[in-house]
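A short worksheet on the structure shown next.
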Amino acid sequence: MNIDYEWYRYFYAVVKEGSFSKAADRLCVTQPAVSQAVRRLEENAGVCLFVRRSKTLTLTKAGQRLFSFVERGVGSFRAGENFLERLADPNGGEVTVGVSEAACRFFLLPYIGELRRLYPDIRLNIREGSTPQSIEALSRGEIDCALILTPPRLPVSSIRTTPLKKCRFGLYAAESFTDAPTTPLSIKEYTAHPFLMLDEKTVTGKIIDKFFTACDTRPNTPIILSSVGLVKDFLLLGFGISILLEDYVGEELRNGCLTVLPVREPLPQCSLALATNTEMPSSPASDTFFRFMQSKIGNPAENGKGNV
């Protein structure tokens, strides 16, 4: 059927108002326009929708069934309008963030409570995945932003990264480690000990692997793990030593469960950044989240806004 959806709006108004004239007043059109729209709807559908008597209108069974569908459709449109209104509210709406397990635990989770207190009407959707997965989802417009460690491989030029803070790596061992030196050793000297390594599919794993390559050495890696949480668990149990971001082991260093091993070479650095897609319009809610994370983590004096 070749039906103009405007006819459904007129049909809905006639049913709700109980007459063509009142429907015309509600729609701010003429009564003949309403009558014509309903008549063309009936002709195209091939059914009669109203039983017309002198001063009353009664829906036929076909009209009752059609109205049940149209009424649900109107409800859906209104829900959509409410959704758009919430999106336009900087203190409400939704924002979907792509984040790795480690970045979520150490960089996002500490601030979620404050975010909820300041903006209780913002719905935060957290999509956990590796940095490459988050970047891919961002490029497809499936998420609003991603909290990532840079530099990752950016598949499209429209992905923009805004640095929040610089992150430093350290070499760590459990408190029970008996061979901790008092003076810095080269990383090659440390390779006599077993290293707990992150999978090279992660950005952190790639950065550490590149560091070993630059130092012209390879670690002894009896165990390769898929997450920072697992690396820390094995590290605390004394299964080896490991290079991790300082942000990941702050609590363990404070309570003495881990110790820092001095290294002669400068250990790698990276940046924590918020990634966005410049080809996708941002919502007020995502802008609010962006500003909040910058205020909590960002260092304006150290980090400028721009690509990394």
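Just remember, in the structure tokens the first chain shown is A, the second B, etc., residues are 1-based per chain, and ligands are 1-based in the order shown.
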
Name the residues in contact with segment 110-114 of chain A at a cut-off of 10 Å, using only C-alpha atoms, excluding same-chain residues fewer than 5 positions from it; report them as a tab-separated table (two decimals) with N, CA and C atoms, in the first residue's frame.
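File out16.tsv, as written:
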```
chain	number	residue	atom	x	y	z
A	104	CYS	N	39.25	0.87	33.25
A	104	CYS	CA	38.01	1.05	34.00
A	104	CYS	C	38.28	0.98	35.50
A	105	ARG	N	39.06	-0.01	35.91
A	105	ARG	CA	39.31	-0.23	37.33
A	105	ARG	C	40.13	0.89	37.96
A	119	TYR	N	25.78	14.30	38.59
A	119	TYR	CA	24.87	14.19	37.44
A	119	TYR	C	24.04	12.91	37.57
A	120	PRO	N	23.10	12.87	38.53
A	120	PRO	CA	22.34	11.64	38.77
A	120	PRO	C	21.46	11.21	37.61
A	124	LEU	N	25.20	6.16	32.44
A	124	LEU	CA	26.53	5.80	31.95
A	124	LEU	C	26.54	4.34	31.53
A	292	PHE	N	34.06	16.35	32.76
A	292	PHE	CA	34.24	15.80	34.11
A	292	PHE	C	35.54	15.02	34.20
A	293	MET	N	35.82	14.15	33.23
A	293	MET	CA	37.03	13.35	33.27
A	293	MET	C	38.27	14.25	33.14
A	296	LYS	N	38.91	15.74	36.54
A	296	LYS	CA	39.36	14.78	37.55
A	296	LYS	C	40.77	14.25	37.28
A	297	ILE	N	41.07	13.98	36.01
A	297	ILE	CA	42.33	13.33	35.66
A	297	ILE	C	43.28	14.26	34.92
```

*Distance query Asp199 of chain A at most 7 Å, only C-alpha atoms, self and fewer than 6 positions along chain excluded, as a PyMOL selection string*: chain A and resi 205+224-226

Any chance you could export the current selection's N, CA and C atoms as an mmCIF file, in the first residue's frame?
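Everything below was put into part.cif:
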```cif
data_model
loop_
_atom_site.group_PDB
_atom_site.id
_atom_site.type_symbol
_atom_site.label_atom_id
_atom_site.label_comp_id
_atom_site.auth_asym_id
_atom_site.auth_seq_id
_atom_site.Cartn_x
_atom_site.Cartn_y
_atom_site.Cartn_z
ATOM 1 N N GLY A 205 50.891 -4.344 26.644
ATOM 2 C CA GLY A 205 51.801 -5.422 26.265
ATOM 3 C C GLY A 205 52.684 -5.039 25.095
ATOM 4 N N ILE A 224 52.423 -15.791 30.448
ATOM 5 C CA ILE A 224 51.871 -14.617 29.764
ATOM 6 C C ILE A 224 50.400 -14.525 30.143
ATOM 7 N N LEU A 225 49.970 -13.336 30.553
ATOM 8 C CA LEU A 225 48.631 -13.158 31.104
ATOM 9 C C LEU A 225 47.836 -12.148 30.284
ATOM 10 N N SER A 226 46.520 -12.245 30.385
ATOM 11 C CA SER A 226 45.650 -11.453 29.507
ATOM 12 C C SER A 226 45.152 -10.167 30.141
#
```

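Selecting strand (DSSP E or B) from the backbone DSSP output for segment 79-155 of chain A yields A:Gly92, A:Gly93, A:Glu94, A:Val95, A:Thr96, A:Val97, A:Gly98, A:Val99, A:Asp121, A:Ile122, A:Arg123, A:Leu124, A:Asn125, A:Ile126, A:Arg127, A:Glu128, A:Cys145, A:Ala146, A:Leu147, A:Ile148, A:Leu149, A:Thr150.
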
*asked:* For the alpha helix (DSSP H) assignment from backbone DSSP, which residues of segment 111-184 of chain A qualify? Please present them as a PyMOL selection string.
replied: chain A and resi 111-118+131-139

*asked:* At a cut-off of 12 Å, using only C-alpha atoms, what residues contact Glu189 of chain A? Leave out same-chain residues fewer than 6 positions from it and give the result as a ChimeraX atom specification.
replied: /A:179-181,215-220,261-265

*Using only C-alpha atoms, which of A:Glu175, A:Glu200, A:Glu279, A:Asp209 sits nearest Asn255 of chain A?*
A:Glu175
